[in-house]
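**Student:** Quick one: structure below, then a few questions.
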Amino acid sequence: MAKSIVWFKHLSMADVEHVGGKNASLGEMISGLTDKGVRVPNGFATTASAYKEFLQHQELGHRISASLSSLDVDDITALADIGKTIRGWIIDTPFQDSLQKEIELAYRQMMADGEFAVAVRSSATAEDLPDASFAGQQETFLNISGLQNVITAIKEVYASLYNDRAIAYRVHQGFEHNKVALSAGVQQMVRSDVGASGVMFTLDTESGFRDAIFITGAWGLGETVVQGAVNPDEFYVYKPGLKDNRSAILSRTLGSKAIKMIYNNSSEPGQSTKTIDVSESDRRRFCLSDKHIEELARYAIVIEEHYQCPMDIEWALDGHDNQLYIVQARPETVESRSSTNIMERYILKDSGEVIVEGRAIGQRIGAGKAKVVMSTEQMFRVQPGDVLVTDMTDPDWEPIMKRASAIITNRGGRTCHAAIIARELGIPAIVGCGNATDKITDNHGVTVSCAEGDTGHVYNGILSFEVSRSDTGVMPDIPTKIMMNVANPGRAFAFSRLPNSGVGLARLEFIINSMIGIHPKVLLNFDQQSPELQSTIMERTAGYADPVSFYVDKLAEGIATLAAAYAPAPVIVRLSDFKSNEYANLIGGELFEPEEENPMMGFRGVSRYLSETFNDCFELECRALRKVHNDMGLTNTEIMVPFCRTLEEAEAVIRLLADKGLKRGENGLRIIMMCEIPSNAVLAEEFLDFFDGFSIGSNDMTQLSLGLDRDSALIADHFDERNPAVKKLLSMAIKACHNQGKYVGICGQGPSDYPDFAGWLLEQGITSISLNPDTVVDTWLFLADRANNQLSD
């Protein structure tokens, strides 16, 4: 490849050594994926050989080598002086005639049908250094117009190979400066300045879950998302659902999107863009429609299948033609290479005051002295083990990020620079906190927990925590199925890596409490609420069509995420089982809930669903379940009915569910009853006439059998699922299911707390035991030993 310029359409991944990874990938997609519907803006690349010829021009390369030969890169002043001098030489040295002429010709051809702005990006090549990574070290220039500005931008890209951090990086890594070359890509701009842009991954970046596509986006040009200057919207899409042409969006999270980058009046490098505030109305809506989300996800699937590996992809939505474009794609290099057999779990042992919250990165916990650092000039203050607290990071911050035990930023989403580097370093980070630098006291001890779901918490003080590691590579056979109790959809992808046969208990209460937080009656009667309450509701429901749609959609998102994480294994979703005092704690709940002396024994479960006062609320649950099971095709979702006191209630609730589009047996729907009241066990055969099996709730069964209030500390020592009376009732229920050939599992706390109780259930021939995730591996191994001992006896 002797030419100085090559059009993207003539490039492929075979040309990495000539034009670098970025430009080769653009060519690969244009030549290989255009026919499959993936839009990639065209352009051209300067070659590595052209760059090397440029260095020979006017002995530029010799002068650079001489100036660097004796440089001590740890001398910050000398590094800055020499770097500035070299960059000046590159800018002042004219291109050789061949490169100048080919750039001029290519640019004129590019503009033949009319002038438009271009992006000029770096694409580094490293001869004989396949493991070298130069991500983020060189410059990108957007909204460049006019031949002279393009030439200047290409020179600036060349010069950026000698910015301070790039010089120091090569020295510290032992790379020879003359082994690295640059290719500049000149690509037609997508008008995302009046649209939106962002980054997507073809796996979940936190857990490595492969069946989801993770998309982030914000208004304006994509640099704000990549740099972490903005808290973006986030979306998850389910690959198998998309391939089946089903509704496939698993979840949506509205980001603050406070600023956006747009075109400036100047098109000169360094002055061609500006950052402005986003209007309040745009902050309160998603930057992508559902149609665009699913179209992007289809692009992601096509790209991943072409490259045969998980991918990190930059996208842009043109605000003029309303079309989506791919502007960069590279292999994902962190989660796709992590071990899937070693399960690491961090658990906080203490509780504490939460100072700030943000987006959790890394599913780990870190603690140390907080160092609030607002500029790179203060980096020296961060010592090994400290917690770095700052506004946002870029590659200049990487030397001290390596020292930190955790990172906290005001701005950024889960694909920003701080998040990416934290994953690479294996440390927790909480990004997009908003006001962390104001709220966290410098030099004060803090604990950074990313082990509690999507939301990360910064706690006051250094709290104790433990780390458990389990090798889940080869688990022994046992004569029952091990399922899990999972409440938090934010942990579903990670927990699905544990050995399991599905979810034996998915609690809707967690989704309602943490993802919705508002009583359904308030949303159904929104127009009748006070202005203050309406304002609170509008703030929480921003981005959704209306308050009721928010409730249904958020509920469906939580259920769908759980179902997708474990598909095709069953996910048994328990209908809401809040007591009246718990419903009252939701926003507006006190307006609609009765005051009961003993809510545990009161208006809950089936009696609530059948009540005229709650029927419209129950309809919202049913709408969400219909959406997941029928529209999204996640037919591994099963329904569990809790607290069904009588046979009359059993018959009525099955009829009610059918009337609401959830008919037992239709589209493979199974309806399980939670066997948790003594009457359920005593009349087990009769209750099974209405259900497809039982899931034993050992907590309520124990307290109701023994006449105990499980919330009372005075008699807590009497609460034990292993009591003979409780075991006799459970044995009756298990035998009844065996007699009718129906499912019987247990989802109560007992087997997680007492392995010997799990062993007893195994002897009874229970179909499945559903455990808390942190006890799965140990209980599994205990049951395997017990089963082996029984065989040997």
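Residues in the structure tokens are named by chain (A, B, ... in the order shown) and by number from 1 within that chain; ligands are numbered from 1 in the order shown.
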Residues within 9 Å of Ala650 in chain A, please, as a list in words. Count only C-alpha atoms; anything in the same chain fewer than 4 positions from it doesn't count.

**Tutor:**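 Non-adjacent residues within range: Val606, Val641, Cys644, Arg645, Thr646, Ile654, Arg655, Met673, Phe687, Phe690 and Phe691 of chain A.
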
**Student:** Write a file of the selected residues as a PDB file, in the first residue's frame, keeping C-alpha atoms.

**Tutor:**
```
ATOM      1  CA  VAL A 606     -55.375 -12.731  47.051  1.00  0.00           C
ATOM      2  CA  VAL A 641     -49.922 -16.334  43.759  1.00  0.00           C
ATOM      3  CA  CYS A 644     -54.267 -17.573  49.220  1.00  0.00           C
ATOM      4  CA  ARG A 645     -56.314 -18.400  52.320  1.00  0.00           C
ATOM      5  CA  THR A 646     -59.224 -20.500  51.010  1.00  0.00           C
ATOM      6  CA  ILE A 654     -57.513 -18.032  38.772  1.00  0.00           C
ATOM      7  CA  ARG A 655     -60.712 -16.686  37.175  1.00  0.00           C
ATOM      8  CA  MET A 673     -49.440 -21.073  44.423  1.00  0.00           C
ATOM      9  CA  PHE A 687     -55.705 -26.334  46.225  1.00  0.00           C
ATOM     10  CA  PHE A 690     -56.453 -24.761  40.634  1.00  0.00           C
ATOM     11  CA  PHE A 691     -52.673 -24.465  40.310  1.00  0.00           C
TER      12      PHE A 691
END
```

**Student:** Hey, what does DSSP flag as helix (DSSP H, G or I) within range 314-562 of chain A? Can you give it to me as a CSV table (one decimal) with N, CA, C and O atoms, in the first residue's frame?

**Tutor:**
```csv
chain,number,residue,atom,x,y,z
A,335,GLU,N,-14.7,-7.2,29.9
A,335,GLU,CA,-15.6,-8.2,30.3
A,335,GLU,C,-15.6,-9.5,29.5
A,335,GLU,O,-15.8,-10.6,29.9
A,336,SER,N,-15.4,-9.3,28.2
A,336,SER,CA,-15.4,-10.5,27.3
A,336,SER,C,-14.2,-11.4,27.5
A,336,SER,O,-14.2,-12.6,27.1
A,337,ARG,N,-13.2,-10.9,28.2
A,337,ARG,CA,-12.0,-11.8,28.5
A,337,ARG,C,-12.0,-12.3,30.0
A,337,ARG,O,-11.1,-13.0,30.4
A,376,THR,N,-5.6,18.1,37.4
A,376,THR,CA,-4.5,17.2,37.3
A,376,THR,C,-3.3,17.8,38.0
A,376,THR,O,-2.4,17.1,38.4
A,377,GLU,N,-3.3,19.1,38.3
A,377,GLU,CA,-2.2,19.7,39.0
A,377,GLU,C,-2.2,19.2,40.5
A,377,GLU,O,-1.2,19.4,41.2
A,378,GLN,N,-3.3,18.7,41.0
A,378,GLN,CA,-3.4,18.2,42.4
A,378,GLN,C,-3.2,16.7,42.5
A,378,GLN,O,-3.4,16.1,43.5
A,379,MET,N,-2.9,16.1,41.4
A,379,MET,CA,-2.8,14.6,41.4
A,379,MET,C,-1.8,14.0,42.4
A,379,MET,O,-2.1,12.9,42.9
A,380,PHE,N,-0.8,14.8,42.7
A,380,PHE,CA,0.2,14.2,43.6
A,380,PHE,C,-0.4,13.9,45.0
A,380,PHE,O,0.2,13.2,45.8
A,381,ARG,N,-1.6,14.5,45.3
A,381,ARG,CA,-2.2,14.3,46.6
A,381,ARG,C,-2.7,12.9,46.8
A,381,ARG,O,-2.9,12.4,47.9
A,395,PRO,N,-7.7,10.7,29.9
A,395,PRO,CA,-6.4,9.9,29.9
A,395,PRO,C,-5.3,10.5,30.8
A,395,PRO,O,-4.4,9.8,31.2
A,396,ASP,N,-5.3,11.9,31.0
A,396,ASP,CA,-4.3,12.5,31.8
A,396,ASP,C,-4.4,12.0,33.2
A,396,ASP,O,-3.4,12.2,34.0
A,397,TRP,N,-5.5,11.5,33.7
A,397,TRP,CA,-5.7,11.1,35.1
A,397,TRP,C,-5.2,9.7,35.3
A,397,TRP,O,-5.2,9.2,36.5
A,398,GLU,N,-4.9,8.9,34.3
A,398,GLU,CA,-4.7,7.5,34.5
A,398,GLU,C,-3.6,7.1,35.5
A,398,GLU,O,-3.7,6.2,36.2
A,399,PRO,N,-2.5,7.9,35.5
A,399,PRO,CA,-1.4,7.5,36.5
A,399,PRO,C,-1.9,7.4,37.9
A,399,PRO,O,-1.5,6.6,38.7
A,400,ILE,N,-2.8,8.4,38.4
A,400,ILE,CA,-3.3,8.3,39.8
A,400,ILE,C,-4.5,7.4,39.9
A,400,ILE,O,-4.8,6.9,41.0
A,401,MET,N,-5.2,7.1,38.8
A,401,MET,CA,-6.3,6.2,38.9
A,401,MET,C,-5.8,4.8,39.3
A,401,MET,O,-6.5,4.0,40.0
A,417,HIS,N,-14.9,7.5,30.4
A,417,HIS,CA,-13.5,7.2,30.6
A,417,HIS,C,-13.3,6.6,32.0
A,417,HIS,O,-12.6,5.5,32.2
A,418,ALA,N,-13.8,7.2,33.1
A,418,ALA,CA,-13.6,6.7,34.4
A,418,ALA,C,-14.1,5.3,34.6
A,418,ALA,O,-13.5,4.5,35.2
A,419,ALA,N,-15.3,5.0,34.0
A,419,ALA,CA,-15.9,3.7,34.1
A,419,ALA,C,-15.0,2.6,33.4
A,419,ALA,O,-14.8,1.5,33.9
A,420,ILE,N,-14.6,3.0,32.2
A,420,ILE,CA,-13.7,2.0,31.4
A,420,ILE,C,-12.4,1.7,32.1
A,420,ILE,O,-12.1,0.5,32.2
A,421,ILE,N,-11.8,2.7,32.6
A,421,ILE,CA,-10.5,2.5,33.3
A,421,ILE,C,-10.7,1.7,34.6
A,421,ILE,O,-9.9,0.8,35.0
A,422,ALA,N,-11.8,2.0,35.3
A,422,ALA,CA,-12.0,1.3,36.6
A,422,ALA,C,-12.2,-0.2,36.3
A,422,ALA,O,-11.7,-1.0,37.1
A,423,ARG,N,-12.9,-0.5,35.3
A,423,ARG,CA,-13.1,-1.9,34.9
A,423,ARG,C,-11.8,-2.6,34.6
A,423,ARG,O,-11.5,-3.7,35.0
A,424,GLU,N,-11.0,-1.9,33.8
A,424,GLU,CA,-9.7,-2.4,33.5
A,424,GLU,C,-8.8,-2.7,34.7
A,424,GLU,O,-8.1,-3.6,34.8
A,425,LEU,N,-8.9,-1.8,35.7
A,425,LEU,CA,-8.1,-1.8,36.9
A,425,LEU,C,-8.7,-2.8,37.9
A,425,LEU,O,-8.0,-3.2,38.9
A,436,ALA,N,-20.6,15.0,44.1
A,436,ALA,CA,-19.7,14.2,45.0
A,436,ALA,C,-18.6,15.1,45.6
A,436,ALA,O,-18.3,15.0,46.7
A,437,THR,N,-18.1,16.0,44.7
A,437,THR,CA,-17.0,16.8,45.2
A,437,THR,C,-17.4,17.8,46.2
A,437,THR,O,-16.6,18.4,47.0
A,438,ASP,N,-18.7,18.2,46.3
A,438,ASP,CA,-19.2,19.1,47.3
A,438,ASP,C,-19.6,18.3,48.6
A,438,ASP,O,-19.4,18.8,49.7
A,439,LYS,N,-20.1,17.1,48.4
A,439,LYS,CA,-20.7,16.4,49.5
A,439,LYS,C,-19.6,15.6,50.3
A,439,LYS,O,-19.8,15.3,51.5
A,489,PRO,N,-33.5,-6.6,39.8
A,489,PRO,CA,-33.1,-6.8,38.4
A,489,PRO,C,-31.7,-6.3,38.1
A,489,PRO,O,-31.1,-6.8,37.2
A,490,GLY,N,-31.2,-5.3,38.9
A,490,GLY,CA,-29.9,-4.8,38.6
A,490,GLY,C,-28.8,-5.8,38.9
A,490,GLY,O,-27.6,-5.6,38.4
A,491,ARG,N,-29.1,-6.9,39.6
A,491,ARG,CA,-28.1,-7.9,39.8
A,491,ARG,C,-28.3,-9.2,39.0
A,491,ARG,O,-27.6,-10.2,39.1
A,492,ALA,N,-29.4,-9.2,38.3
A,492,ALA,CA,-29.8,-10.4,37.6
A,492,ALA,C,-28.8,-11.0,36.7
A,492,ALA,O,-28.5,-12.2,36.6
A,493,PHE,N,-28.2,-10.1,35.8
A,493,PHE,CA,-27.2,-10.6,34.9
A,493,PHE,C,-26.0,-11.2,35.6
A,493,PHE,O,-25.5,-12.3,35.2
A,494,ALA,N,-25.6,-10.6,36.6
A,494,ALA,CA,-24.4,-11.1,37.4
A,494,ALA,C,-24.7,-12.4,38.1
A,494,ALA,O,-24.0,-13.4,38.0
A,495,PHE,N,-25.9,-12.5,38.7
A,495,PHE,CA,-26.3,-13.7,39.5
A,495,PHE,C,-26.5,-14.9,38.5
A,495,PHE,O,-26.4,-16.0,38.9
A,508,LEU,N,-42.0,-8.9,43.2
A,508,LEU,CA,-42.4,-7.7,42.6
A,508,LEU,C,-42.3,-6.5,43.5
A,508,LEU,O,-42.1,-5.3,43.1
A,509,GLU,N,-42.3,-6.8,44.8
A,509,GLU,CA,-42.2,-5.6,45.8
A,509,GLU,C,-40.9,-4.9,45.6
A,509,GLU,O,-41.0,-3.6,45.8
A,510,PHE,N,-39.8,-5.5,45.3
A,510,PHE,CA,-38.6,-4.8,45.2
A,510,PHE,C,-38.6,-3.9,44.0
A,510,PHE,O,-38.2,-2.7,44.1
A,511,ILE,N,-39.2,-4.3,42.9
A,511,ILE,CA,-39.3,-3.5,41.7
A,511,ILE,C,-40.2,-2.3,42.0
A,511,ILE,O,-39.9,-1.2,41.6
A,512,ILE,N,-41.3,-2.6,42.6
A,512,ILE,CA,-42.3,-1.5,42.9
A,512,ILE,C,-41.6,-0.5,43.9
A,512,ILE,O,-41.7,0.8,43.7
A,513,ASN,N,-40.9,-0.9,44.8
A,513,ASN,CA,-40.4,-0.1,45.9
A,513,ASN,C,-39.2,0.7,45.3
A,513,ASN,O,-39.1,1.9,45.6
A,514,SER,N,-38.3,0.1,44.6
A,514,SER,CA,-37.0,0.7,44.2
A,514,SER,C,-37.0,1.4,42.9
A,514,SER,O,-36.4,2.4,42.6
A,515,MET,N,-37.8,0.8,41.9
A,515,MET,CA,-37.8,1.3,40.6
A,515,MET,C,-39.0,2.2,40.3
A,515,MET,O,-39.0,3.0,39.3
A,516,ILE,N,-40.0,2.1,41.1
A,516,ILE,CA,-41.2,2.9,40.9
A,516,ILE,C,-41.4,3.9,42.1
A,516,ILE,O,-41.4,5.1,41.9
A,520,PRO,N,-49.7,2.8,43.3
A,520,PRO,CA,-50.4,2.8,42.0
A,520,PRO,C,-51.7,3.6,42.0
A,520,PRO,O,-52.1,4.1,40.9
A,521,LYS,N,-52.4,3.7,43.1
A,521,LYS,CA,-53.6,4.4,43.2
A,521,LYS,C,-53.4,5.9,42.9
A,521,LYS,O,-54.2,6.6,42.3
A,522,VAL,N,-52.3,6.4,43.3
A,522,VAL,CA,-51.9,7.8,43.1
A,522,VAL,C,-51.7,8.1,41.6
A,522,VAL,O,-52.2,9.1,41.1
A,523,LEU,N,-51.1,7.1,40.9
A,523,LEU,CA,-50.9,7.3,39.5
A,523,LEU,C,-52.2,7.2,38.7
A,523,LEU,O,-52.5,7.9,37.7
A,524,LEU,N,-53.1,6.2,39.1
A,524,LEU,CA,-54.4,6.1,38.5
A,524,LEU,C,-55.3,7.3,38.7
A,524,LEU,O,-56.2,7.5,37.8
A,526,PHE,N,-54.1,10.5,39.2
A,526,PHE,CA,-53.1,11.6,39.1
A,526,PHE,C,-53.8,13.0,39.2
A,526,PHE,O,-53.4,13.9,39.9
A,527,ASP,N,-54.8,13.2,38.3
A,527,ASP,CA,-55.5,14.5,38.2
A,527,ASP,C,-56.1,15.0,39.5
A,527,ASP,O,-56.4,16.2,39.7
A,528,GLN,N,-56.3,14.1,40.4
A,528,GLN,CA,-57.0,14.4,41.7
A,528,GLN,C,-56.0,14.8,42.8
A,528,GLN,O,-56.4,15.1,43.9
A,531,PRO,N,-51.1,19.8,43.8
A,531,PRO,CA,-50.0,20.2,42.9
A,531,PRO,C,-48.6,19.8,43.3
A,531,PRO,O,-47.8,19.4,42.5
A,532,GLU,N,-48.4,19.7,44.7
A,532,GLU,CA,-47.1,19.3,45.2
A,532,GLU,C,-46.8,17.8,44.8
A,532,GLU,O,-45.7,17.5,44.4
A,533,LEU,N,-47.8,17.0,45.1
A,533,LEU,CA,-47.7,15.6,44.8
A,533,LEU,C,-47.6,15.3,43.3
A,533,LEU,O,-46.8,14.5,42.8
A,534,GLN,N,-48.3,16.1,42.5
A,534,GLN,CA,-48.2,16.0,41.0
A,534,GLN,C,-46.8,16.3,40.5
A,534,GLN,O,-46.3,15.6,39.6
A,535,SER,N,-46.2,17.3,41.1
A,535,SER,CA,-44.9,17.7,40.7
A,535,SER,C,-43.9,16.6,41.0
A,535,SER,O,-43.0,16.3,40.2
A,536,THR,N,-44.0,16.0,42.2
A,536,THR,CA,-43.1,14.9,42.6
A,536,THR,C,-43.3,13.7,41.6
A,536,THR,O,-42.3,13.1,41.2
A,537,ILE,N,-44.5,13.4,41.3
A,537,ILE,CA,-44.8,12.3,40.4
A,537,ILE,C,-44.2,12.6,39.0
A,537,ILE,O,-43.6,11.7,38.3
A,538,MET,N,-44.4,13.8,38.5
A,538,MET,CA,-43.9,14.1,37.1
A,538,MET,C,-42.4,14.1,37.1
A,538,MET,O,-41.8,13.7,36.1
A,539,GLU,N,-41.8,14.4,38.2
A,539,GLU,CA,-40.3,14.3,38.2
A,539,GLU,C,-39.9,12.9,38.1
A,539,GLU,O,-38.9,12.5,37.4
A,540,ARG,N,-40.5,12.0,38.8
A,540,ARG,CA,-40.1,10.6,38.8
A,540,ARG,C,-40.5,9.8,37.6
A,540,ARG,O,-39.9,8.8,37.2
A,547,PRO,N,-48.3,8.8,33.8
A,547,PRO,CA,-47.9,8.2,35.0
A,547,PRO,C,-48.3,6.7,35.1
A,547,PRO,O,-47.5,5.9,35.6
A,548,VAL,N,-49.4,6.3,34.5
A,548,VAL,CA,-49.8,4.9,34.5
A,548,VAL,C,-48.9,4.1,33.7
A,548,VAL,O,-48.5,3.0,34.0
A,549,SER,N,-48.5,4.6,32.5
A,549,SER,CA,-47.6,3.9,31.6
A,549,SER,C,-46.3,3.7,32.3
A,549,SER,O,-45.6,2.7,32.1
A,550,PHE,N,-45.8,4.7,33.1
A,550,PHE,CA,-44.6,4.6,33.8
A,550,PHE,C,-44.7,3.4,34.8
A,550,PHE,O,-43.7,2.6,34.8
A,551,TYR,N,-45.7,3.2,35.5
A,551,TYR,CA,-45.9,2.1,36.4
A,551,TYR,C,-45.8,0.8,35.7
A,551,TYR,O,-45.0,-0.1,36.1
A,552,VAL,N,-46.6,0.6,34.6
A,552,VAL,CA,-46.6,-0.6,33.9
A,552,VAL,C,-45.3,-0.9,33.2
A,552,VAL,O,-44.8,-2.0,33.3
A,553,ASP,N,-44.7,0.1,32.6
A,553,ASP,CA,-43.5,-0.1,31.9
A,553,ASP,C,-42.3,-0.4,32.8
A,553,ASP,O,-41.5,-1.3,32.5
A,554,LYS,N,-42.2,0.3,33.9
A,554,LYS,CA,-41.1,0.0,34.8
A,554,LYS,C,-41.2,-1.4,35.5
A,554,LYS,O,-40.3,-2.1,35.6
A,555,LEU,N,-42.5,-1.8,35.8
A,555,LEU,CA,-42.7,-3.1,36.3
A,555,LEU,C,-42.3,-4.2,35.3
A,555,LEU,O,-41.6,-5.2,35.6
A,556,ALA,N,-42.7,-3.9,34.0
A,556,ALA,CA,-42.4,-4.9,32.9
A,556,ALA,C,-40.9,-4.9,32.7
A,556,ALA,O,-40.3,-6.0,32.4
A,557,GLU,N,-40.2,-3.8,32.8
A,557,GLU,CA,-38.8,-3.8,32.6
A,557,GLU,C,-38.1,-4.6,33.7
A,557,GLU,O,-37.1,-5.4,33.3
A,558,GLY,N,-38.5,-4.5,34.9
A,558,GLY,CA,-37.9,-5.3,36.0
A,558,GLY,C,-38.1,-6.8,35.8
A,558,GLY,O,-37.2,-7.6,35.9
A,559,ILE,N,-39.4,-7.1,35.4
A,559,ILE,CA,-39.7,-8.6,35.2
A,559,ILE,C,-38.9,-9.1,34.0
A,559,ILE,O,-38.4,-10.2,34.0
A,560,ALA,N,-38.9,-8.3,32.9
A,560,ALA,CA,-38.3,-8.8,31.7
A,560,ALA,C,-36.8,-9.0,31.9
A,560,ALA,O,-36.2,-9.9,31.3
A,561,THR,N,-36.1,-8.1,32.6
A,561,THR,CA,-34.7,-8.2,32.9
A,561,THR,C,-34.4,-9.5,33.6
A,561,THR,O,-33.4,-10.2,33.3
A,562,LEU,N,-35.2,-9.8,34.6
A,562,LEU,CA,-35.0,-11.1,35.3
A,562,LEU,C,-35.3,-12.3,34.4
A,562,LEU,O,-34.5,-13.2,34.4
```

**Student:** So, counting only C-alpha atoms, which residue among A:Arg298, A:Arg497, A:Arg608, A:Arg710 is closest to Thr472 in chain A?

**Tutor:**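 That would be A:Arg497, the residue with the smallest distance to Thr472 in chain A.
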
**Student:** Between CA of Asp35 in chain A and CA of Ala184 in chain A, what distance in Å does the model show, to one decimal?

**Tutor:**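 Atom-to-atom, CA of Asp35 in chain A to CA of Ala184 in chain A, that is 25.9 Å.
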
**Student:** Which polymer residues have any atom within 8 Å of an atom of range 8-23 of chain A, counting only C-alpha atoms, with same-chain residues fewer than 5 positions away left out, as an MDAnalysis selection string?

**Tutor:** chainID A and resid 1 28:31 42:49 122:127 182:185 328:330

**Student:** At a cut-off of 10 Å, using only C-alpha atoms, what residues contact Pro94 in chain A? Leave out same-chain residues fewer than 3 positions from it and give the result as number ranges by chain.

**Tutor:** A: 54, 57-58, 89-91, 97, 99-100, 151, 155

**Student:** Please report, as a Markdown table, each residue of range 275-326 of chain A lying at most 6 Å from range 188-210 of chain A, together with the nearest pair of atoms and the separation in Å rounded to one decimal; use only C-alpha atoms, and order rows by chain and ascending residue number.

**Tutor:**
```
| residue | atom | partner | partner_atom | distance |
| --- | --- | --- | --- | --- |
| A:Pro310 | CA | A:Thr202 | CA | 5.4 |
| A:Met311 | CA | A:Thr202 | CA | 5.5 |
| A:Asp312 | CA | A:Phe201 | CA | 4.7 |
| A:Ile313 | CA | A:Met200 | CA | 5.2 |
| A:Glu314 | CA | A:Val199 | CA | 4.4 |
| A:Trp315 | CA | A:Gly198 | CA | 5.6 |
| A:Ala316 | CA | A:Ser197 | CA | 4.1 |
| A:Leu317 | CA | A:Ala196 | CA | 5.1 |
| A:Asp318 | CA | A:Arg191 | CA | 4.5 |
| A:Gly319 | CA | A:Gly195 | CA | 4.0 |
```

**Student:** If you run DSSP on this backbone, which residues of range 391-421 of chain A come out as strand (DSSP E or B), and could you give them as a VMD selection string?

**Tutor:** chain A and resid 406 to 409

**Student:** Residues within 12 Å of Leu463 in chain A, please, as a PyMOL selection string. Count only C-alpha atoms; anything in the same chain fewer than 3 positions from it doesn't count.

**Tutor:** chain A and resi 347-354+365-368+445-449+458-460+466
